[in-house]
$ cat start20.csv   # CSV, C-alpha atoms
chain,number,residue,atom,x,y,z
I,30,MET,CA,82.0,94.0,-6.0
I,31,SER,CA,79.5,91.6,-7.5
I,32,VAL,CA,81.6,91.2,-10.6
I,33,ALA,CA,84.7,90.5,-8.6
I,34,ALA,CA,82.8,88.0,-6.4
I,35,THR,CA,81.5,86.2,-9.4
I,36,GLY,CA,85.0,86.1,-10.9
I,37,SER,CA,86.5,84.7,-7.7
I,38,ARG,CA,83.8,82.0,-7.5
I,39,THR,CA,84.4,81.0,-11.1
I,40,GLN,CA,88.1,80.8,-10.6
I,41,GLY,CA,87.6,78.8,-7.4
I,42,TRP,CA,85.3,76.3,-9.3
I,43,ARG,CA,87.9,75.9,-12.0
I,44,ASP,CA,90.7,75.3,-9.5
I,45,THR,CA,88.5,72.7,-7.8
I,46,VAL,CA,87.8,70.9,-11.1
I,47,TYR,CA,91.5,70.9,-12.1
I,48,ARG,CA,92.4,69.4,-8.8
I,49,LEU,CA,90.0,66.5,-9.2
I,50,PRO,CA,91.8,63.2,-9.9
I,51,ILE,CA,91.2,61.9,-13.5
I,52,PRO,CA,90.3,58.2,-13.4
I,53,TRP,CA,92.6,57.3,-16.3
I,54,LYS,CA,92.5,53.6,-15.4
I,55,SER,CA,88.7,53.5,-15.6
I,56,ILE,CA,88.6,55.5,-18.8
I,57,SER,CA,91.1,53.2,-20.5
I,58,THR,CA,89.3,50.2,-19.3
I,59,TYR,CA,86.0,51.4,-20.7
I,60,LEU,CA,87.6,52.4,-24.0
I,61,LEU,CA,89.3,49.0,-24.4
I,62,ALA,CA,86.0,47.3,-23.6
I,63,ALA,CA,84.1,49.4,-26.1
I,64,PHE,CA,86.8,48.7,-28.8
I,65,ALA,CA,86.7,44.9,-28.0
I,66,PHE,CA,82.9,45.0,-28.2
I,67,PHE,CA,82.8,46.6,-31.6
I,68,TYR,CA,85.7,44.5,-32.8
I,69,ILE,CA,83.8,41.3,-31.9
I,70,VAL,CA,80.2,42.3,-32.5
I,71,GLY,CA,80.8,44.6,-35.5
I,72,PRO,CA,81.4,41.9,-38.1
I,73,PHE,CA,78.5,39.8,-37.0
I,74,ALA,CA,76.2,42.9,-36.9
I,75,TRP,CA,77.3,43.6,-40.5
I,76,ILE,CA,76.5,40.0,-41.5
I,77,VAL,CA,73.0,40.3,-40.0
I,78,ILE,CA,72.3,43.7,-41.6
I,79,SER,CA,73.6,42.8,-45.1
I,80,SER,CA,71.4,39.7,-45.1
I,81,PHE,CA,68.4,42.0,-45.5
I,82,MET,CA,70.0,43.9,-48.4
I,83,THR,CA,70.0,43.2,-52.1
I,84,ARG,CA,73.2,42.5,-53.9
I,85,GLU,CA,73.6,46.0,-55.2
I,86,GLU,CA,73.0,47.6,-51.8
I,87,ALA,CA,75.4,45.1,-50.1
I,88,MET,CA,78.2,45.9,-52.6
I,89,SER,CA,77.6,49.7,-52.6
I,90,ALA,CA,80.4,52.0,-51.6
I,91,PRO,CA,80.6,53.4,-49.0
I,92,PRO,CA,78.8,50.8,-47.1
I,93,HIS,CA,75.9,51.8,-44.8
I,94,TRP,CA,74.6,50.2,-41.7
I,95,ILE,CA,70.8,50.8,-42.3
I,96,PRO,CA,69.2,49.0,-45.3
I,97,GLU,CA,67.5,51.4,-47.6
I,98,ASP,CA,65.1,48.8,-48.8
I,99,PRO,CA,65.1,45.9,-46.4
I,100,THR,CA,64.0,42.5,-47.8
I,101,LEU,CA,63.4,39.0,-46.6
I,102,MET,CA,63.9,37.5,-50.1
I,103,ASN,CA,67.3,36.2,-49.2
I,104,TYR,CA,65.9,34.1,-46.4
I,105,ARG,CA,62.7,33.1,-48.3
I,106,ALA,CA,64.6,31.8,-51.3
I,107,TYR,CA,66.1,29.0,-49.2
I,108,PHE,CA,62.7,27.7,-48.2
I,109,ASP,CA,60.4,28.7,-51.1
I,110,PRO,CA,61.4,27.5,-54.7
I,111,THR,CA,59.1,30.1,-56.2
I,112,VAL,CA,61.0,32.9,-54.6
I,113,LEU,CA,64.3,31.4,-55.7
I,114,ASN,CA,63.1,31.2,-59.3
I,115,GLU,CA,62.0,34.8,-59.1
I,116,LEU,CA,65.4,35.9,-57.9
I,117,ARG,CA,67.1,33.8,-60.6
I,118,GLU,CA,65.3,35.8,-63.2
I,119,GLU,CA,65.6,39.1,-61.5
I,120,ARG,CA,69.3,38.9,-60.6
I,121,ARG,CA,70.3,36.4,-63.3
I,122,LEU,CA,71.5,33.9,-60.8
I,123,THR,CA,73.2,30.7,-61.9
I,124,VAL,CA,72.8,28.9,-58.6
I,125,GLY,CA,72.5,25.1,-58.5
I,126,SER,CA,71.0,22.6,-56.1
I,127,VAL,CA,73.2,23.7,-53.2
I,128,VAL,CA,70.8,26.5,-52.3
I,129,GLN,CA,67.9,24.2,-52.2
I,130,ARG,CA,69.7,22.0,-49.7
I,131,VAL,CA,69.7,24.6,-46.9
I,132,PRO,CA,66.6,23.3,-45.1
I,133,LEU,CA,68.0,19.7,-45.3
I,134,ALA,CA,71.3,20.8,-43.9
I,135,LEU,CA,69.6,22.7,-41.1
I,136,ARG,CA,67.6,19.5,-40.2
I,137,ASN,CA,70.8,17.4,-40.3
I,138,SER,CA,72.7,19.9,-38.0
I,139,ILE,CA,69.8,20.0,-35.6
I,140,LEU,CA,69.4,16.2,-35.6
I,141,VAL,CA,73.1,15.6,-35.0
I,142,ALA,CA,73.6,18.3,-32.4
I,143,PHE,CA,70.5,17.3,-30.3
I,144,THR,CA,71.5,13.6,-30.6
I,145,VAL,CA,75.0,14.3,-29.3
I,146,ALA,CA,73.7,16.5,-26.5
I,147,PHE,CA,71.1,13.9,-25.4
I,148,LEU,CA,73.6,11.0,-25.4
I,149,ASN,CA,76.2,13.2,-23.6
I,150,ILE,CA,73.7,13.9,-20.8
I,151,VAL,CA,72.6,10.2,-20.5
I,152,ILE,CA,76.0,8.4,-20.9
I,153,GLY,CA,78.0,11.2,-19.2
I,154,SER,CA,75.8,11.2,-16.1
I,155,LEU,CA,76.0,7.4,-15.8
I,156,SER,CA,79.7,7.5,-16.3
I,157,ALA,CA,80.5,10.5,-14.1
I,158,TYR,CA,78.6,9.3,-11.1
I,159,PRO,CA,80.7,6.3,-10.3
I,160,PHE,CA,83.9,8.4,-10.7
I,161,ALA,CA,82.5,10.9,-8.2
I,162,ARG,CA,81.1,8.6,-5.6
I,163,LEU,CA,82.6,5.1,-5.9
I,164,ARG,CA,86.1,4.2,-4.8
I,165,PHE,CA,87.7,1.5,-7.0
I,166,ARG,CA,91.2,0.6,-8.1
I,167,GLY,CA,92.5,2.6,-11.1
I,168,ARG,CA,89.7,5.2,-10.9
I,169,VAL,CA,92.0,8.2,-11.4
I,170,THR,CA,94.2,6.4,-14.0
I,171,LEU,CA,91.1,5.5,-16.0
I,172,LEU,CA,89.8,9.0,-15.9
I,173,VAL,CA,93.1,10.5,-16.9
I,174,LEU,CA,93.5,8.0,-19.8
I,175,TYR,CA,90.0,8.9,-20.9
I,176,LEU,CA,90.8,12.6,-21.0
I,177,LEU,CA,94.1,11.9,-22.8
I,178,THR,CA,92.2,10.6,-25.8
I,179,ARG,CA,91.4,14.3,-26.6
I,180,MET,CA,95.0,15.2,-26.9
I,181,VAL,CA,95.3,13.2,-30.2
I,182,PRO,CA,95.3,15.7,-33.1
I,183,ALA,CA,92.2,15.6,-35.3
I,184,LEU,CA,94.3,15.1,-38.4
I,185,ALA,CA,95.7,11.9,-37.0
I,186,LEU,CA,92.2,10.5,-36.3
I,187,ILE,CA,90.5,11.3,-39.6
I,188,LEU,CA,91.7,8.2,-41.5
I,189,PRO,CA,90.9,5.6,-38.9
I,190,VAL,CA,87.5,7.2,-38.2
I,191,TYR,CA,86.8,7.2,-41.9
I,192,LEU,CA,87.7,3.5,-42.2
I,193,VAL,CA,85.6,2.5,-39.2
I,194,LEU,CA,82.5,4.4,-40.3
I,195,ARG,CA,82.8,3.0,-43.8
I,196,ARG,CA,83.1,-0.6,-42.4
I,197,LEU,CA,80.0,0.1,-40.2
I,198,GLY,CA,78.1,1.5,-43.1
I,199,LEU,CA,77.8,4.9,-41.3
I,200,LEU,CA,79.7,6.9,-43.8
I,201,ASN,CA,77.7,9.8,-45.3
I,202,GLN,CA,75.2,9.3,-42.5
I,203,VAL,CA,74.2,11.8,-39.9
I,204,TRP,CA,74.2,9.0,-37.3
I,205,GLY,CA,77.9,8.2,-38.0
I,206,LEU,CA,78.7,11.9,-37.6
I,207,ALA,CA,76.8,12.0,-34.3
I,208,LEU,CA,78.7,8.9,-33.1
I,209,MET,CA,82.0,10.5,-33.9
I,210,TYR,CA,81.1,13.8,-32.2
I,211,LEU,CA,80.0,11.8,-29.1
I,212,THR,CA,83.4,10.2,-28.7
I,213,PHE,CA,85.0,13.7,-28.8
I,214,THR,CA,82.7,15.5,-26.4
I,215,LEU,CA,82.0,12.7,-23.9
I,216,PRO,CA,85.4,13.0,-22.1
I,217,TYR,CA,84.7,16.7,-21.3
I,218,THR,CA,81.1,15.8,-20.1
I,219,VAL,CA,82.4,13.1,-17.8
I,220,TRP,CA,85.0,15.4,-16.3
I,221,ILE,CA,82.7,18.3,-15.7
I,222,LEU,CA,79.8,16.2,-14.3
I,223,LYS,CA,82.2,14.2,-12.1
I,224,ASN,CA,83.5,17.4,-10.5
I,225,TYR,CA,79.9,18.8,-10.2
I,226,PHE,CA,78.6,15.6,-8.5
I,227,GLN,CA,81.5,15.9,-6.0
I,228,THR,CA,80.1,19.3,-4.9
I,229,ILE,CA,76.8,17.8,-3.8
I,230,PRO,CA,76.6,16.8,-0.1
I,231,ARG,CA,76.6,13.1,0.6
I,232,ASP,CA,73.8,13.6,3.1
I,233,LEU,CA,71.3,13.8,0.3
I,234,GLU,CA,72.3,10.3,-0.9
I,235,ASP,CA,72.4,9.0,2.6
I,236,ALA,CA,68.8,10.2,3.1
I,237,ALA,CA,67.8,8.4,-0.1
I,238,ARG,CA,69.5,5.2,1.1
I,239,VAL,CA,67.5,5.4,4.3
I,240,ASP,CA,64.4,5.3,2.1
I,241,ARG,CA,65.8,2.1,0.5
I,242,CYS,CA,67.0,3.6,-2.7
I,243,ASN,CA,70.0,1.9,-4.4
I,244,TRP,CA,72.8,3.9,-6.0
I,245,PHE,CA,71.0,4.2,-9.3
I,246,GLN,CA,67.7,5.4,-7.8
I,247,ALA,CA,69.6,7.9,-5.6
I,248,MET,CA,71.3,9.3,-8.7
I,249,VAL,CA,68.1,9.6,-10.7
I,250,ARG,CA,65.9,10.9,-7.9
I,251,VAL,CA,68.3,13.0,-5.9
I,252,ILE,CA,71.6,13.8,-7.7
I,253,LEU,CA,70.3,14.6,-11.2
I,254,PRO,CA,67.6,17.1,-10.1
I,255,VAL,CA,70.1,18.9,-8.0
I,256,SER,CA,72.7,18.8,-10.8
I,257,LEU,CA,70.4,20.4,-13.4
I,258,PRO,CA,72.7,23.5,-14.0
I,259,GLY,CA,75.7,21.2,-14.7
I,260,ILE,CA,73.6,18.9,-16.9
I,261,ILE,CA,72.2,21.7,-19.0
I,262,ALA,CA,75.7,23.2,-19.3
I,263,VAL,CA,77.3,20.1,-20.7
I,264,GLY,CA,74.3,19.5,-22.9
I,265,ILE,CA,74.6,23.0,-24.5
I,266,PHE,CA,78.3,22.6,-24.7
I,267,SER,CA,78.0,19.4,-26.6
I,268,PHE,CA,75.3,20.9,-28.8
I,269,MET,CA,77.4,23.9,-29.7
I,270,ALA,CA,80.6,21.8,-30.3
I,271,SER,CA,78.7,19.5,-32.6
I,272,TRP,CA,76.8,22.3,-34.4
I,273,GLY,CA,79.9,24.3,-35.4
I,274,GLU,CA,82.3,21.4,-36.3
I,275,PHE,CA,83.5,21.6,-39.9
I,276,PHE,CA,86.6,19.4,-40.5
I,277,PHE,CA,85.2,16.0,-39.8
I,278,ALA,CA,81.8,16.9,-41.3
I,279,MET,CA,83.4,17.9,-44.5
I,280,ILE,CA,85.3,14.6,-44.8
I,281,LEU,CA,82.7,12.2,-43.5
I,282,THR,CA,79.7,13.7,-45.4
I,283,GLN,CA,80.1,13.7,-49.2
I,284,THR,CA,76.4,13.7,-50.2
I,285,ASP,CA,73.8,16.4,-50.2
I,286,GLN,CA,71.5,14.4,-48.0
I,287,SER,CA,74.1,14.1,-45.2
I,288,ARG,CA,75.9,17.5,-45.2
I,289,THR,CA,75.5,19.8,-42.2
I,290,MET,CA,75.1,23.5,-42.2
I,291,PRO,CA,78.8,24.6,-41.8
I,292,VAL,CA,79.8,22.4,-44.7
I,293,LEU,CA,76.9,23.7,-46.9
I,294,VAL,CA,77.8,27.3,-46.1
I,295,ALA,CA,81.3,26.6,-47.5
I,296,PHE,CA,79.8,25.2,-50.6
I,297,LEU,CA,77.5,28.2,-50.9
I,298,SER,CA,80.4,30.6,-50.9
I,299,ASN,CA,81.8,28.9,-54.0
I,300,GLU,CA,78.5,28.7,-55.8
I,301,LEU,CA,77.0,32.2,-55.0
I,302,GLY,CA,80.1,34.3,-55.6
I,303,THR,CA,79.2,38.0,-54.9
I,304,GLU,CA,75.6,37.3,-53.8
I,305,TYR,CA,76.4,38.6,-50.4
I,306,GLY,CA,72.8,38.7,-49.3
I,307,PHE,CA,72.4,35.0,-49.9
I,308,LEU,CA,75.7,34.2,-48.2
I,309,THR,CA,75.1,36.3,-45.1
I,310,SER,CA,71.5,35.0,-44.7
I,311,ALA,CA,72.9,31.4,-44.8
I,312,ALA,CA,75.5,32.4,-42.2
I,313,VAL,CA,72.8,33.9,-39.9
I,314,LEU,CA,70.7,30.7,-40.2
I,315,ALA,CA,73.8,28.7,-39.2
I,316,VAL,CA,74.5,30.9,-36.1
I,317,ILE,CA,70.9,31.4,-34.8
I,318,PRO,CA,70.4,28.0,-32.9
I,319,PRO,CA,73.6,28.0,-30.8
I,320,LEU,CA,73.3,31.7,-30.2
I,321,VAL,CA,69.8,31.5,-28.9
I,322,LEU,CA,70.7,28.6,-26.6
I,323,ALA,CA,73.7,30.4,-25.3
I,324,LEU,CA,71.8,33.6,-24.6
I,325,PHE,CA,68.8,31.8,-23.1
I,326,PHE,CA,70.8,29.5,-20.8
I,327,GLN,CA,73.7,31.8,-20.1
I,328,ARG,CA,73.5,31.8,-16.3
I,329,LEU,CA,73.1,28.0,-16.2
I,330,ILE,CA,76.1,27.5,-18.5
I,331,ILE,CA,78.3,29.7,-16.3
I,332,SER,CA,77.2,28.3,-13.0
I,333,GLY,CA,77.3,24.7,-14.3
I,334,ILE,CA,80.7,24.7,-15.9
I,335,GLY,CA,82.1,26.9,-13.2
I,336,ALA,CA,81.1,24.6,-10.4
I,337,GLY,CA,82.3,21.6,-12.4
I,338,ALA,CA,85.7,23.1,-13.0
I,339,VAL,CA,86.5,24.2,-9.5
I,340,LYS,CA,86.8,20.9,-7.8
I,341,GLY,CA,88.6,17.9,-9.0
$ encode --input "start20.csv" --output "structure tokens"
Amino acid sequence: MSVAATGSRTQGWRDTVYRLPIPWKSISTYLLAAFAFFYIVGPFAWIVISSFMTREEAMSAPPHWIPEDPTLMNYRAYFDPTVLNELREERRLTVGSVVQRVPLALRNSILVAFTVAFLNIVIGSLSAYPFARLRFRGRVTLLVLYLLTRMVPALALILPVYLVLRRLGLLNQVWGLALMYLTFTLPYTVWILKNYFQTIPRDLEDAARVDRCNWFQAMVRVILPVSLPGIIAVGIFSFMASWGEFFFAMILTQTDQSRTMPVLVAFLSNELGTEYGFLTSAAVLAVIPPLVLALFFQRLIISGIGAGAVKG
């Protein structure tokens, strides 16, 4: 009897399990999400891992994800000439001066990106506030025309931009590159901040006016502190757009003293050849600043751009 009872309970449990609905939709969703994650993150993870490998280990077959003998020499060589000379003798490298320009290229990229972000915040706030609060003739037309300037293809702008910067003496200068990036990113900044300012209740400005604040004082003391998520979002957006731009930087910076990091990485790929450790470490150095900013300010970016894109 006990064996029969046990068998009946087992059969009943199996019948119950078989009758349970299988969540195929959830399973397929998770599988697709996992595939997309590895498809996007996998190449970048391999770049980071191989940057800690020697050339022989990075070129080994089959490839492995855990370095057997991790090293920081690939990173140190960019900042320490002594380490670079040691690697030249050890690996018989024939690298030129491009490798030694990585710290300067990093400085140029940081200088250009922070300048563009700062000017976008200052000029964009002063430009977006009148569009959001003041009513004047041609306001919508002016804003639309301002945005239409971004519809011109970059290839059609490169020659006039080149001639203007050469006449101004800003060719092969980081300031000329920053000025050009500012003209490209400022329309988006004005549009996002204008919509963000419109979400702020006018009662706050009315209370500031009661305290005898003019429109500029009300903007600085009331509107800007409340709009901090949107301001940080457009600042980081401008920083990332300027940091990763390659086409104009390649054309407008022809000297080692003015090149930014994306352009220098392209030159490194031609000079280093199969030195994958060097190449991947340079790529990691080029990605770290915008990646850190995006991860650190992720919530502010989403809330700021989301609020600025809803209304308007």
$ closest_residue --input "start20.csv" --among "I:Met102, I:Ile265, I:Ile221, I:Val203" --to "Pro319 in chain I" --atoms "only C-alpha atoms"
I:Ile265
$ closest_residue --input "start20.csv" --among "I:Gln327, I:Gln227, I:Gln246, I:Thr284" --to "Ala161 in chain I" --atoms "all atoms listed in the file"
I:Gln227
$ atom_distance --input "start20.csv" --atom1 "CA of Tyr68 in chain I" --atom2 "CA of Ser138 in chain I"
28.3 Å
$ closest_residue --input "start20.csv" --among "I:Leu281, I:Glu304, I:Ala106, I:Asn224" --to "Met88 in chain I" --atoms "all atoms listed in the file"
I:Glu304
$ atom_distance --input "start20.csv" --atom1 "CA of Thr282 in chain I" --atom2 "CA of Asn201 in chain I"
4.4 Å
$ closest_residue --input "start20.csv" --among "I:Leu233, I:Ala62, I:Ala146, I:Met180" --to "Val263 in chain I" --atoms "only C-alpha atoms"
I:Ala146
$ closest_residue --input "start20.csv" --among "I:Ala323, I:Tyr107, I:Ser256, I:Phe143" --to "Arg130 in chain I" --atoms "all atoms listed in the file"
I:Tyr107
$ residues_around --input "start20.csv" --residues "Val316 in chain I" --least-positions-apart "5" --cutoff "12 Å" --atoms "only C-alpha atoms" --output "ChimeraX atom specification"
/I:73,76-77,135,138-139,269,272-273,290-291,294,309-311,321-323
$ residues_around --input "start20.csv" --residues "range 235-238 of chain I" --least-positions-apart "5" --cutoff "10 Å" --atoms "only C-alpha atoms" --output "short mmCIF file (atom, residue, chain, number, x, y, z; two decimals) with C-alpha atoms, in the frame of the given file"
data_model
loop_
_atom_site.label_atom_id
_atom_site.label_comp_id
_atom_site.auth_asym_id
_atom_site.auth_seq_id
_atom_site.Cartn_x
_atom_site.Cartn_y
_atom_site.Cartn_z
CA PRO I 230 76.60 16.80 -0.10
CA ASN I 243 70.00 1.90 -4.40
CA TRP I 244 72.80 3.90 -6.00
CA GLN I 246 67.70 5.40 -7.80
CA ALA I 247 69.60 7.90 -5.60
CA MET I 248 71.30 9.30 -8.70
CA ARG I 250 65.90 10.90 -7.90
CA VAL I 251 68.30 13.00 -5.90
#
$ closest_residue --input "start20.csv" --among "I:Pro318, I:Pro132, I:Gly306, I:Gly264" --to "Phe81 in chain I" --atoms "all atoms listed in the file"
I:Gly306
$ residues_near_point --input "start20.csv" --point "(80.8, 13.5, -22.7)" --cutoff "10 Å" --atoms "only C-alpha atoms" --output "ChimeraX atom specification"
/I:145-146,148-154,156-157,210-222,263-264,266-267
$ write_last_selection --input "start20.csv" --atoms "C-alpha atoms" --output "PDB file, in the coordinates of the input"
ATOM      1  CA  VAL I 145      75.000  14.300 -29.300  1.00  0.00           C
ATOM      2  CA  ALA I 146      73.700  16.500 -26.500  1.00  0.00           C
ATOM      3  CA  LEU I 148      73.600  11.000 -25.400  1.00  0.00           C
ATOM      4  CA  ASN I 149      76.200  13.200 -23.600  1.00  0.00           C
ATOM      5  CA  ILE I 150      73.700  13.900 -20.800  1.00  0.00           C
ATOM      6  CA  VAL I 151      72.600  10.200 -20.500  1.00  0.00           C
ATOM      7  CA  ILE I 152      76.000   8.400 -20.900  1.00  0.00           C
ATOM      8  CA  GLY I 153      78.000  11.200 -19.200  1.00  0.00           C
ATOM      9  CA  SER I 154      75.800  11.200 -16.100  1.00  0.00           C
ATOM     10  CA  SER I 156      79.700   7.500 -16.300  1.00  0.00           C
ATOM     11  CA  ALA I 157      80.500  10.500 -14.100  1.00  0.00           C
ATOM     12  CA  TYR I 210      81.100  13.800 -32.200  1.00  0.00           C
ATOM     13  CA  LEU I 211      80.000  11.800 -29.100  1.00  0.00           C
ATOM     14  CA  THR I 212      83.400  10.200 -28.700  1.00  0.00           C
ATOM     15  CA  PHE I 213      85.000  13.700 -28.800  1.00  0.00           C
ATOM     16  CA  THR I 214      82.700  15.500 -26.400  1.00  0.00           C
ATOM     17  CA  LEU I 215      82.000  12.700 -23.900  1.00  0.00           C
ATOM     18  CA  PRO I 216      85.400  13.000 -22.100  1.00  0.00           C
ATOM     19  CA  TYR I 217      84.700  16.700 -21.300  1.00  0.00           C
ATOM     20  CA  THR I 218      81.100  15.800 -20.100  1.00  0.00           C
ATOM     21  CA  VAL I 219      82.400  13.100 -17.800  1.00  0.00           C
ATOM     22  CA  TRP I 220      85.000  15.400 -16.300  1.00  0.00           C
ATOM     23  CA  ILE I 221      82.700  18.300 -15.700  1.00  0.00           C
ATOM     24  CA  LEU I 222      79.800  16.200 -14.300  1.00  0.00           C
ATOM     25  CA  VAL I 263      77.300  20.100 -20.700  1.00  0.00           C
ATOM     26  CA  GLY I 264      74.300  19.500 -22.900  1.00  0.00           C
ATOM     27  CA  PHE I 266      78.300  22.600 -24.700  1.00  0.00           C
ATOM     28  CA  SER I 267      78.000  19.400 -26.600  1.00  0.00           C
TER      29      SER I 267
END
$ atom_distance --input "start20.csv" --atom1 "CA of Glu85 in chain I" --atom2 "CA of Val292 in chain I"
26.6 Å
$ build_atoms --input "start20.csv" --residues "range 64-84 of chain I" --atoms "N, CA and C atoms" --output "PDB file, in the coordinates of the input"
ATOM      1  N   PHE I  64      86.117  49.083 -27.537  1.00  0.00           N
ATOM      2  CA  PHE I  64      86.800  48.700 -28.800  1.00  0.00           C
ATOM      3  C   PHE I  64      86.665  47.152 -28.963  1.00  0.00           C
ATOM      4  N   ALA I  65      86.825  46.364 -27.894  1.00  0.00           N
ATOM      5  CA  ALA I  65      86.700  44.900 -28.000  1.00  0.00           C
ATOM      6  C   ALA I  65      85.253  44.539 -28.412  1.00  0.00           C
ATOM      7  N   PHE I  66      84.280  45.260 -27.862  1.00  0.00           N
ATOM      8  CA  PHE I  66      82.900  45.000 -28.200  1.00  0.00           C
ATOM      9  C   PHE I  66      82.617  45.187 -29.685  1.00  0.00           C
ATOM     10  N   PHE I  67      83.026  46.345 -30.190  1.00  0.00           N
ATOM     11  CA  PHE I  67      82.800  46.600 -31.600  1.00  0.00           C
ATOM     12  C   PHE I  67      83.641  45.739 -32.510  1.00  0.00           C
ATOM     13  N   TYR I  68      84.821  45.365 -32.036  1.00  0.00           N
ATOM     14  CA  TYR I  68      85.700  44.500 -32.800  1.00  0.00           C
ATOM     15  C   TYR I  68      85.071  43.095 -32.966  1.00  0.00           C
ATOM     16  N   ILE I  69      84.410  42.616 -31.905  1.00  0.00           N
ATOM     17  CA  ILE I  69      83.800  41.300 -31.900  1.00  0.00           C
ATOM     18  C   ILE I  69      82.425  41.301 -32.536  1.00  0.00           C
ATOM     19  N   VAL I  70      81.605  42.249 -32.097  1.00  0.00           N
ATOM     20  CA  VAL I  70      80.200  42.300 -32.500  1.00  0.00           C
ATOM     21  C   VAL I  70      80.037  42.938 -33.879  1.00  0.00           C
ATOM     22  N   GLY I  71      80.930  43.849 -34.236  1.00  0.00           N
ATOM     23  CA  GLY I  71      80.800  44.600 -35.500  1.00  0.00           C
ATOM     24  C   GLY I  71      80.664  43.706 -36.728  1.00  0.00           C
ATOM     25  N   PRO I  72      81.574  42.755 -36.950  1.00  0.00           N
ATOM     26  CA  PRO I  72      81.400  41.900 -38.100  1.00  0.00           C
ATOM     27  C   PRO I  72      80.138  41.101 -38.166  1.00  0.00           C
ATOM     28  N   PHE I  73      79.748  40.556 -37.006  1.00  0.00           N
ATOM     29  CA  PHE I  73      78.500  39.800 -37.000  1.00  0.00           C
ATOM     30  C   PHE I  73      77.299  40.700 -37.228  1.00  0.00           C
ATOM     31  N   ALA I  74      77.340  41.917 -36.679  1.00  0.00           N
ATOM     32  CA  ALA I  74      76.200  42.900 -36.900  1.00  0.00           C
ATOM     33  C   ALA I  74      76.144  43.198 -38.414  1.00  0.00           C
ATOM     34  N   TRP I  75      77.283  43.351 -39.069  1.00  0.00           N
ATOM     35  CA  TRP I  75      77.300  43.600 -40.500  1.00  0.00           C
ATOM     36  C   TRP I  75      76.702  42.454 -41.296  1.00  0.00           C
ATOM     37  N   ILE I  76      77.027  41.233 -40.876  1.00  0.00           N
ATOM     38  CA  ILE I  76      76.500  40.000 -41.500  1.00  0.00           C
ATOM     39  C   ILE I  76      74.958  40.032 -41.436  1.00  0.00           C
ATOM     40  N   VAL I  77      74.448  40.313 -40.235  1.00  0.00           N
ATOM     41  CA  VAL I  77      73.000  40.300 -40.000  1.00  0.00           C
ATOM     42  C   VAL I  77      72.344  41.411 -40.873  1.00  0.00           C
ATOM     43  N   ILE I  78      72.924  42.607 -40.862  1.00  0.00           N
ATOM     44  CA  ILE I  78      72.300  43.700 -41.600  1.00  0.00           C
ATOM     45  C   ILE I  78      72.360  43.478 -43.099  1.00  0.00           C
ATOM     46  N   SER I  79      73.489  43.011 -43.611  1.00  0.00           N
ATOM     47  CA  SER I  79      73.600  42.800 -45.100  1.00  0.00           C
ATOM     48  C   SER I  79      72.733  41.645 -45.541  1.00  0.00           C
ATOM     49  N   SER I  80      72.299  40.763 -44.636  1.00  0.00           N
ATOM     50  CA  SER I  80      71.400  39.700 -45.100  1.00  0.00           C
ATOM     51  C   SER I  80      70.034  40.183 -45.460  1.00  0.00           C
ATOM     52  N   PHE I  81      69.713  41.407 -45.085  1.00  0.00           N
ATOM     53  CA  PHE I  81      68.400  42.000 -45.500  1.00  0.00           C
ATOM     54  C   PHE I  81      68.583  42.985 -46.646  1.00  0.00           C
ATOM     55  N   MET I  82      69.735  42.964 -47.298  1.00  0.00           N
ATOM     56  CA  MET I  82      70.000  43.900 -48.400  1.00  0.00           C
ATOM     57  C   MET I  82      69.992  43.082 -49.740  1.00  0.00           C
ATOM     58  N   THR I  83      69.783  43.806 -50.809  1.00  0.00           N
ATOM     59  CA  THR I  83      70.000  43.200 -52.100  1.00  0.00           C
ATOM     60  C   THR I  83      71.476  43.214 -52.455  1.00  0.00           C
ATOM     61  N   ARG I  84      71.826  42.548 -53.537  1.00  0.00           N
ATOM     62  CA  ARG I  84      73.200  42.500 -53.900  1.00  0.00           C
ATOM     63  C   ARG I  84      73.825  43.838 -54.186  1.00  0.00           C
TER      64      ARG I  84
END
